[in-house]
Every structure is written in structure tokens, then in C-alpha cells.
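See structure below.
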Amino acid sequence: MKRVILFCVFTSAALAAYAPDKVTKLPGIPSGAPAFNQYSGYLNATGDKKLHYWFVESQSQPATDPLILWLNGGPGCSSLDGFLSELGPFHVNNDGASLYVNEYSWNKQANVIFLESPAGVGFSYSPSMDIATNDDKVAQDNYIALQDFFLKFPEYVNNSFYLTGESYAGVYIPTLAMLVVNDSSIKLEGFAIGNGLLNMTINMNSAVYFAYYHSLIDQGLWDRLQTYCCLGSYCQFFNSTNTKCKQAYDEMATLVYDSGINAYSIYTDCAGGIPVQMKRYEFDMKSALKMGYNVQSKSYRKLKGLQGTTHYKSHGFSFTDPKDLGSNIDPCIDVTAETTYLSRKDVREALHIPDSVPAWQVCSDAVEGNYTRVYQTVAPQFTSLLGQSRLRALVYNGDVDVVCNFLADQWFMKDLQLTEVNPRRPWKVDNQVAGFVHQFSNASFVTVKGAGHMVPQWRPAQSYHMIMQFLSNQPL
């Protein structure tokens, strides 16, 4: 009898710990929406940092379905963008008031945690304003937040666990995985990264090839890049000390990033045809252009009346602030609807957001401005993680994104010198080619045909098929 009582007390305590976070009535939810439990609240990190999470249980078998953590990048951008426009169960209509069901939500067969990280991003905060951080500190904060999650939801500690994310999560995910993999209480089985920034130099060098072979720059400029930046078969376009190479590279960057092309998805029109909100684009371009990039074009210094080049320092390198990007650059991604929705008082109350927390923004200038890069490449983390036979990795790329292009991640994976299982081949969804897959011993590199930077947003059916095959350890 004593054992029964103790069990009941423990169970009640566990339920009481997270019951206040349950979302009982989400404003704007459509009639007939699928029924599943969802929770929103805060997880403790280091110091006084409080990281906001939104957890949606699986629509299928939550007790046994995999558990996924999702992180958006930046650094400094909110994972609720991933929830409300990419892989979450509900997306926001243009009115900013109502929601619609995402047919391809990842929580149809998985439990998904959307974590706003680091502190200062979205609804996450630090009462003492302790938001200065770096790659290692973010990994530590996210790891501690995960431990807190399992204290609130102990029933999920035995579920298969996966780390996923996109863009600068190419750094977030492997650095976090290095901590989680050594925690025997968490059943980490793999990680997936979409359009990830995995190696700074490779990302920028490969962008030149992407631009030329996608007809974004002409033959004359390509010839100059080859002449001044290449020695034999080796080309160093990025951070070159050759003045003429640097001039040609800056000209390439101006044409690609200052021409009005949707750099996230070069064959997709810009939302509204005119600049809408610059924030998301600005932060991802900072990730792509950092570490020594210095634009000479005056048009890169027009925005907001800036007359000179503003510099920051990151890991010993000086780089141009992409707020200096030309005012005619169209970010092409309109987040007005989700910003409006998350600004509503009834929505904030439903998500248990304190009144003292500032209004939600898709990305935080303060966090990005106080962020220090530690890693230019995460190859050592990949090598260590994939050396452990129990872990599997999925690296996937929409193939029309130039910000974090597929060539960069393809080269990155090749340089790891993994054991090949199956050579590159097409994979299909609904009897159509969805992209190409290159399978290694415990990792796969996948391209998604026609998808841009945010694969679940632009190719939802293909994205859903891909991630479910990965979670079930089945080939594409």
C-alpha cells in the first residue's frame, strides 16, 4: 500500500509540475481541428534565463512516438516561426487572427518541442538581461532546458529522442548533441539539420558556384573570379587577400544579394513584390556573410540612412553589418501574420506569457548583437557524433536556397569521409522525383527539389515524408 501511495504522490507531483502549462483554448483554432494535448510555458536554463517552449503531443501515439526538439537559427530567431509557418500543426492565416490546419505537421506522428533559444529570442527572457552568449553557452542552456523539460514531462524520458533544426541550427544542433549524447537518461537516437550553416568558408565559397551555375552572374565576372581567386583547381573566393579577387567577389555578392532576388528561394517571387519585413532575412544574411566579408558597394550602405560601414567583431574577424544591405533588397518572407497573432493579448494569455515579457519578434537584434561565434565549422562535432554507432544523422537542403546552399552541405558531408552505403540517387513522393539522396553508414545527405531555405514551408509533403522515413530508420 505504501508503494502505491508513493507512486500516486510522485505521479500527482509530476502532473502538477506541467499541468499549468497546458494550452486549454488556443485563439483562432479552426473547427474540426485534430485533438491533441499542447503545452506552453518556460524551461529553466543557466542563471535566471527562462526559455519559452511550445510542446505539441503526437496526433497518433504520443506515449510511444518519437520526441523531437526543433530549433530555428539566426542566431537570434524564434522557433515559433518554425511552428507557425513550417512544421507546426497550425499556421496563421493572412488576417493574423485565425489559424488553419497544417496537413503535413510533423506532430501527426511525433511529439514536437519548439524551443525559443537563446534567452532574449521571442518570448524567452532573462530578468537580469543576461543575454550575451555564444555557441557553447547556447548549447549548455538548451541542454539544461531539456533536463527541465523531462522533469515536467517524465513520461517522455523513454521515447526515442531527436534534435532537429535549420539554418544556424547547423551549429546549435551538433553542439547540443555533444552534451546530450553523454546523458544516458536521454534516448538520443539522431539529429536532422535543414539548410544548415555547417562551415562558414565552404558556405561562402560554394555560393559563387551556385550563383554562376544558376545564371545569377555573367561569364565575364565568372572569368575574373577564376583568374584572380583560383590557383590551379583550388579557389578561395571568400576572405581572399588578392585585391582583384576581393573586388570580383564583392561584385558577385552585390548581384546576388542586392538585386531583389529571393535569396531564400531564387525561383520564388517575393511576398507582395515589395520589401515587407526585413528581420528574418537580415539575420540569416548575417550568418551567411560574417567572418571577414566587407562589401564595397554603396548600395549596401543605404539602409536606414547609414553612411559608413558598421563593424562588429566575432572570433577575431571583422565583418560588415548586413543592416547596411541595400534598401532595395527584398527579404521576400512576410511574417506579418504570425507577428500579429503572437502580439494578441488573448494569444499571449493562452500561451502563459507574462505581461512583463516584451512583444514577440521573429528575430532579436539584441541577441544577435551580443552573440559570439565559437565555431567556423562543426566537422569535429559531426565526426565525434557519427563515430557513435547508435546515432544517425540527416542533412537536407532545399536546392534553390543561396543563403545556405546545398553545395556547401554536400561538400561538408563529403569531407567527413563517411562510408558510402548507396550512391546518390533520386527519391520520390507521389511518384514524382522529390530530390536526391546520398546514403552513408549512419548518415544521409538529401536534396529537396525546388525547395528553398525553409524546406517544410515550401515542400511540406516532401518534408513530411523525409522526416518520417528518417525517424523510422527507413530509406527514402
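Each chain of the C-alpha cells is named A, B, ... in the order shown, its residues numbered from 1; ligands are numbered from 1 in display order.
Residue-level DSSP output for segment 104-310 of chain A, from the backbone, shows strand (DSSP E or B) at Asn111, Val112, Ile113, Phe114, Leu115, Tyr125, Thr133, Asn134, Phe161, Tyr162, Leu163, Thr164, Gly165, Glu166, Leu188, Glu189, Gly190, Phe191, Ala192, Ile193, Gly194, Asn199, Cys230, Leu231, Tyr234 and Cys235 of chain A.
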Hey, what does DSSP flag as helix (DSSP H, G or I) within segment 47-239 of chain A? Can you give it to me as JSON, numbers by chain? {"A": [80, 81, 82, 83, 84, 85, 86, 87, 106, 107, 108, 135, 136, 137, 138, 139, 140, 141, 142, 143, 144, 145, 146, 147, 148, 149, 150, 151, 152, 154, 155, 156, 169, 170, 171, 172, 173, 174, 175, 176, 177, 178, 179, 180, 200, 201, 202, 203, 204, 205, 206, 207, 208, 209, 210, 211, 212, 213, 219, 220, 221, 222, 223, 224, 225, 226, 227, 228, 229]}
Given the choices A:Ile144, A:Leu80, A:Val455, A:Leu416, which gets closest to Ile193 of chain A if the distance is worked out from only C-alpha atoms? A:Val455
Near segment 437-444 of chain A, within 10 Å and counting only C-alpha atoms, which residues show up once chain neighbours fewer than 5 positions away are dropped, as a PyMOL selection string? chain A and resi 190-192+386-396+410+413+417-427+470+473+475-476
N, CA, C and O atoms of the current selection, written as a compact mmCIF listing (two decimals), in the first residue's frame:
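This is the output file part21.txt:
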# COMPACT_ATOMS: atom_id res chain seq x y z
N GLY A 190 19.32 10.43 -32.88
CA GLY A 190 19.79 11.06 -34.10
C GLY A 190 19.51 12.54 -34.14
O GLY A 190 18.92 13.11 -33.21
N PHE A 191 19.93 13.17 -35.23
CA PHE A 191 19.68 14.60 -35.42
C PHE A 191 19.52 14.89 -36.91
O PHE A 191 20.06 14.17 -37.77
N ALA A 192 18.74 15.92 -37.20
CA ALA A 192 18.47 16.32 -38.58
C ALA A 192 18.64 17.82 -38.70
O ALA A 192 18.13 18.57 -37.87
N LEU A 386 29.00 10.94 -35.15
CA LEU A 386 28.76 9.83 -36.06
C LEU A 386 29.69 8.66 -35.81
O LEU A 386 29.51 7.58 -36.35
N GLY A 387 30.69 8.89 -34.96
CA GLY A 387 31.54 7.79 -34.54
C GLY A 387 30.87 6.90 -33.52
O GLY A 387 31.38 5.83 -33.20
N GLN A 388 29.73 7.35 -33.03
CA GLN A 388 28.96 6.54 -32.08
C GLN A 388 27.84 5.84 -32.86
O GLN A 388 26.93 6.48 -33.37
N SER A 389 27.92 4.55 -32.94
CA SER A 389 27.09 3.78 -33.86
C SER A 389 25.60 3.94 -33.62
O SER A 389 24.80 3.73 -34.53
N ARG A 390 25.20 4.35 -32.43
CA ARG A 390 23.76 4.43 -32.15
C ARG A 390 23.12 5.68 -32.72
O ARG A 390 21.90 5.77 -32.77
N LEU A 391 23.90 6.64 -33.16
CA LEU A 391 23.35 7.89 -33.67
C LEU A 391 23.27 7.89 -35.19
O LEU A 391 24.15 7.39 -35.88
N ARG A 392 22.19 8.50 -35.70
CA ARG A 392 22.02 8.68 -37.13
C ARG A 392 21.83 10.16 -37.43
O ARG A 392 21.33 10.91 -36.59
N ALA A 393 22.24 10.57 -38.60
CA ALA A 393 22.14 11.98 -38.98
C ALA A 393 21.48 12.13 -40.34
O ALA A 393 21.67 11.31 -41.24
N LEU A 394 20.71 13.20 -40.47
CA LEU A 394 20.10 13.59 -41.73
C LEU A 394 20.47 15.05 -41.99
O LEU A 394 20.16 15.91 -41.17
N VAL A 395 21.15 15.30 -43.09
CA VAL A 395 21.43 16.66 -43.53
C VAL A 395 20.66 16.86 -44.83
O VAL A 395 20.87 16.13 -45.80
N TYR A 396 19.74 17.82 -44.83
CA TYR A 396 18.91 18.02 -46.02
C TYR A 396 18.93 19.48 -46.44
O TYR A 396 19.09 20.38 -45.62
N GLN A 410 26.74 19.64 -49.15
CA GLN A 410 27.20 18.47 -49.90
C GLN A 410 28.70 18.32 -49.78
O GLN A 410 29.21 17.21 -49.53
N MET A 413 29.62 17.22 -46.17
CA MET A 413 29.41 15.80 -45.91
C MET A 413 30.49 14.95 -46.60
O MET A 413 30.97 13.96 -46.03
N GLN A 417 34.31 12.10 -45.05
CA GLN A 417 34.83 10.79 -45.49
C GLN A 417 34.10 9.64 -44.81
O GLN A 417 34.70 8.70 -44.29
N LEU A 418 32.78 9.71 -44.85
CA LEU A 418 31.96 8.66 -44.29
C LEU A 418 31.90 7.46 -45.24
O LEU A 418 32.11 7.61 -46.45
N THR A 419 31.59 6.31 -44.71
CA THR A 419 31.47 5.10 -45.53
C THR A 419 30.18 5.15 -46.34
O THR A 419 29.09 5.27 -45.77
N GLU A 420 30.31 5.06 -47.65
CA GLU A 420 29.13 5.12 -48.52
C GLU A 420 28.39 3.79 -48.50
O GLU A 420 28.99 2.72 -48.59
N VAL A 421 27.07 3.87 -48.37
CA VAL A 421 26.21 2.69 -48.43
C VAL A 421 25.52 2.60 -49.78
O VAL A 421 25.51 1.56 -50.43
N ASN A 422 24.93 3.72 -50.22
CA ASN A 422 24.30 3.79 -51.54
C ASN A 422 24.70 5.09 -52.21
O ASN A 422 24.68 6.15 -51.58
N PRO A 423 25.08 5.04 -53.49
CA PRO A 423 25.45 6.28 -54.19
C PRO A 423 24.23 7.18 -54.40
O PRO A 423 23.08 6.76 -54.18
N ARG A 424 24.51 8.38 -54.81
CA ARG A 424 23.45 9.37 -55.00
C ARG A 424 22.40 8.85 -55.98
O ARG A 424 22.73 8.35 -57.05
N ARG A 425 21.13 9.01 -55.60
CA ARG A 425 20.02 8.52 -56.42
C ARG A 425 18.80 9.39 -56.15
O ARG A 425 18.71 10.07 -55.12
N PRO A 426 17.82 9.39 -57.06
CA PRO A 426 16.59 10.16 -56.80
C PRO A 426 15.71 9.48 -55.76
O PRO A 426 15.73 8.26 -55.62
N TRP A 427 14.96 10.27 -55.02
CA TRP A 427 13.93 9.73 -54.14
C TRP A 427 12.59 10.34 -54.56
O TRP A 427 12.56 11.40 -55.18
N PHE A 470 13.10 9.09 -41.87
CA PHE A 470 14.28 9.18 -41.03
C PHE A 470 13.98 8.69 -39.61
O PHE A 470 14.75 7.90 -39.03
N ASN A 473 13.82 5.08 -39.39
CA ASN A 473 15.05 4.43 -39.88
C ASN A 473 14.81 3.64 -41.15
O ASN A 473 15.30 2.53 -41.32
N PRO A 475 14.88 3.91 -45.51
CA PRO A 475 15.48 4.70 -46.60
C PRO A 475 14.44 5.47 -47.39
O PRO A 475 13.27 5.08 -47.46
N LEU A 476 14.85 6.58 -47.97
CA LEU A 476 13.94 7.34 -48.85
C LEU A 476 13.77 6.58 -50.15
O LEU A 476 14.69 5.90 -50.63
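Of note, atom CA of Val92 of chain A and atom CA of Arg344 of chain A are spaced 12.7 Å apart.
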Write out as an MDAnalysis selection string the residues lying within 10 Å of segment 448-453 of chain A, counting only C-alpha atoms and excluding same-chain residues fewer than 3 positions away. chainID A and resid 166:167 194:196 262:268 284 396:406 426:427 433:437 456:460 462:463 466
Might you pull out every residue within 10 Å of Glu349 of chain A, with only C-alpha atoms counted and same-chain residues fewer than 6 positions away left off, and present them as number ranges by chain? A: 23, 25-27, 355
Expected file: the selected residues, all heavy atoms, as a PDB file, in the first residue's frame:
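Output saved as again31.pdb:
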ATOM      1  N   VAL A  23      -2.190  24.221 -22.719  1.00  0.00           N
ATOM      2  CA  VAL A  23      -2.949  25.198 -23.507  1.00  0.00           C
ATOM      3  C   VAL A  23      -4.357  24.652 -23.661  1.00  0.00           C
ATOM      4  O   VAL A  23      -4.587  23.669 -24.370  1.00  0.00           O
ATOM      5  CB  VAL A  23      -2.302  25.431 -24.880  1.00  0.00           C
ATOM      6  CG1 VAL A  23      -3.121  26.418 -25.703  1.00  0.00           C
ATOM      7  CG2 VAL A  23      -0.871  25.939 -24.713  1.00  0.00           C
ATOM      8  N   LYS A  25      -7.208  26.549 -24.495  1.00  0.00           N
ATOM      9  CA  LYS A  25      -8.019  27.181 -25.531  1.00  0.00           C
ATOM     10  C   LYS A  25      -7.135  28.102 -26.363  1.00  0.00           C
ATOM     11  O   LYS A  25      -6.773  29.190 -25.930  1.00  0.00           O
ATOM     12  CB  LYS A  25      -9.177  27.964 -24.920  1.00  0.00           C
ATOM     13  CG  LYS A  25     -10.148  28.531 -25.963  1.00  0.00           C
ATOM     14  CD  LYS A  25     -11.322  29.229 -25.301  1.00  0.00           C
ATOM     15  CE  LYS A  25     -12.294  29.758 -26.359  1.00  0.00           C
ATOM     16  NZ  LYS A  25     -13.443  30.474 -25.729  1.00  0.00           N
ATOM     17  N   LEU A  26      -6.807  27.662 -27.564  1.00  0.00           N
ATOM     18  CA  LEU A  26      -5.936  28.445 -28.436  1.00  0.00           C
ATOM     19  C   LEU A  26      -6.791  29.325 -29.346  1.00  0.00           C
ATOM     20  O   LEU A  26      -7.590  28.822 -30.137  1.00  0.00           O
ATOM     21  CB  LEU A  26      -5.058  27.519 -29.278  1.00  0.00           C
ATOM     22  CG  LEU A  26      -3.979  28.186 -30.122  1.00  0.00           C
ATOM     23  CD1 LEU A  26      -2.966  28.900 -29.234  1.00  0.00           C
ATOM     24  CD2 LEU A  26      -3.276  27.151 -31.002  1.00  0.00           C
ATOM     25  N   PRO A  27      -6.659  30.648 -29.272  1.00  0.00           N
ATOM     26  CA  PRO A  27      -7.478  31.549 -30.099  1.00  0.00           C
ATOM     27  C   PRO A  27      -7.266  31.293 -31.596  1.00  0.00           C
ATOM     28  O   PRO A  27      -6.154  31.027 -32.050  1.00  0.00           O
ATOM     29  CB  PRO A  27      -6.971  32.942 -29.716  1.00  0.00           C
ATOM     30  CG  PRO A  27      -6.432  32.781 -28.339  1.00  0.00           C
ATOM     31  CD  PRO A  27      -5.821  31.409 -28.317  1.00  0.00           C
ATOM     32  N   ASP A 355       2.987  39.280 -18.606  1.00  0.00           N
ATOM     33  CA  ASP A 355       2.804  40.626 -19.164  1.00  0.00           C
ATOM     34  C   ASP A 355       4.122  41.378 -19.272  1.00  0.00           C
ATOM     35  O   ASP A 355       4.277  42.257 -20.120  1.00  0.00           O
ATOM     36  CB  ASP A 355       1.835  41.433 -18.296  1.00  0.00           C
ATOM     37  CG  ASP A 355       0.403  40.901 -18.359  1.00  0.00           C
ATOM     38  OD1 ASP A 355       0.084  40.192 -19.339  1.00  0.00           O
ATOM     39  OD2 ASP A 355      -0.380  41.186 -17.431  1.00  0.00           O
TER      40      ASP A 355
END
Quick one: residues within 7 Å of Gln381 of chain A, only C-alpha atoms, excluding same-chain residues fewer than 3 positions away - as a PDB file with N, CA, C and O atoms, in the first residue's frame?
ATOM      1  N   PRO A 174      24.507  20.220 -33.541  1.00  0.00           N
ATOM      2  CA  PRO A 174      25.632  19.338 -33.180  1.00  0.00           C
ATOM      3  C   PRO A 174      26.304  19.708 -31.862  1.00  0.00           C
ATOM      4  O   PRO A 174      26.776  18.815 -31.144  1.00  0.00           O
ATOM      5  N   THR A 175      26.355  21.004 -31.514  1.00  0.00           N
ATOM      6  CA  THR A 175      26.968  21.372 -30.231  1.00  0.00           C
ATOM      7  C   THR A 175      26.094  20.923 -29.069  1.00  0.00           C
ATOM      8  O   THR A 175      26.603  20.487 -28.027  1.00  0.00           O
ATOM      9  N   MET A 178      26.427  17.086 -28.609  1.00  0.00           N
ATOM     10  CA  MET A 178      27.640  16.668 -27.911  1.00  0.00           C
ATOM     11  C   MET A 178      27.409  16.572 -26.402  1.00  0.00           C
ATOM     12  O   MET A 178      28.076  15.790 -25.717  1.00  0.00           O
ATOM     13  N   VAL A 378      31.539  22.771 -37.869  1.00  0.00           N
ATOM     14  CA  VAL A 378      31.125  21.777 -36.875  1.00  0.00           C
ATOM     15  C   VAL A 378      31.537  20.375 -37.308  1.00  0.00           C
ATOM     16  O   VAL A 378      30.988  19.383 -36.836  1.00  0.00           O
ATOM     17  N   SER A 384      32.721  13.202 -34.222  1.00  0.00           N
ATOM     18  CA  SER A 384      32.562  12.563 -32.920  1.00  0.00           C
ATOM     19  C   SER A 384      31.199  11.898 -32.784  1.00  0.00           C
ATOM     20  O   SER A 384      31.103  10.744 -32.353  1.00  0.00           O
ATOM     21  N   LEU A 385      30.154  12.602 -33.176  1.00  0.00           N
ATOM     22  CA  LEU A 385      28.796  12.073 -33.014  1.00  0.00           C
ATOM     23  C   LEU A 385      28.548  10.864 -33.896  1.00  0.00           C
ATOM     24  O   LEU A 385      27.950   9.870 -33.467  1.00  0.00           O
TER      25      LEU A 385
END
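For the choices A:Gly82, A:Pro127, A:Gly73, A:Gly41, the atom-to-atom distance to Asp148 of chain A is smallest for A:Gly41 when using only C-alpha atoms.
Remark: for Val347 of chain A, the closest of the candidate residues A:Ser98, A:Asn431, A:Ser206, A:Asn93 is A:Ser98 (distances computed over only C-alpha atoms).
Interatomic distance, atom CA of Tyr143 of chain A against atom CA of Ile68 of chain A: 13.8 Å.
With only C-alpha atoms as the atoms that count, the residue of A:Asn44, A:Asn205, A:Ser215, A:Gln59 with the shortest distance to Gln140 of chain A is A:Asn44.
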Best match for closeness to Ser343 of chain A among A:Phe114, A:Phe412, A:Phe238, A:Phe123, counting only C-alpha atoms: A:Phe123
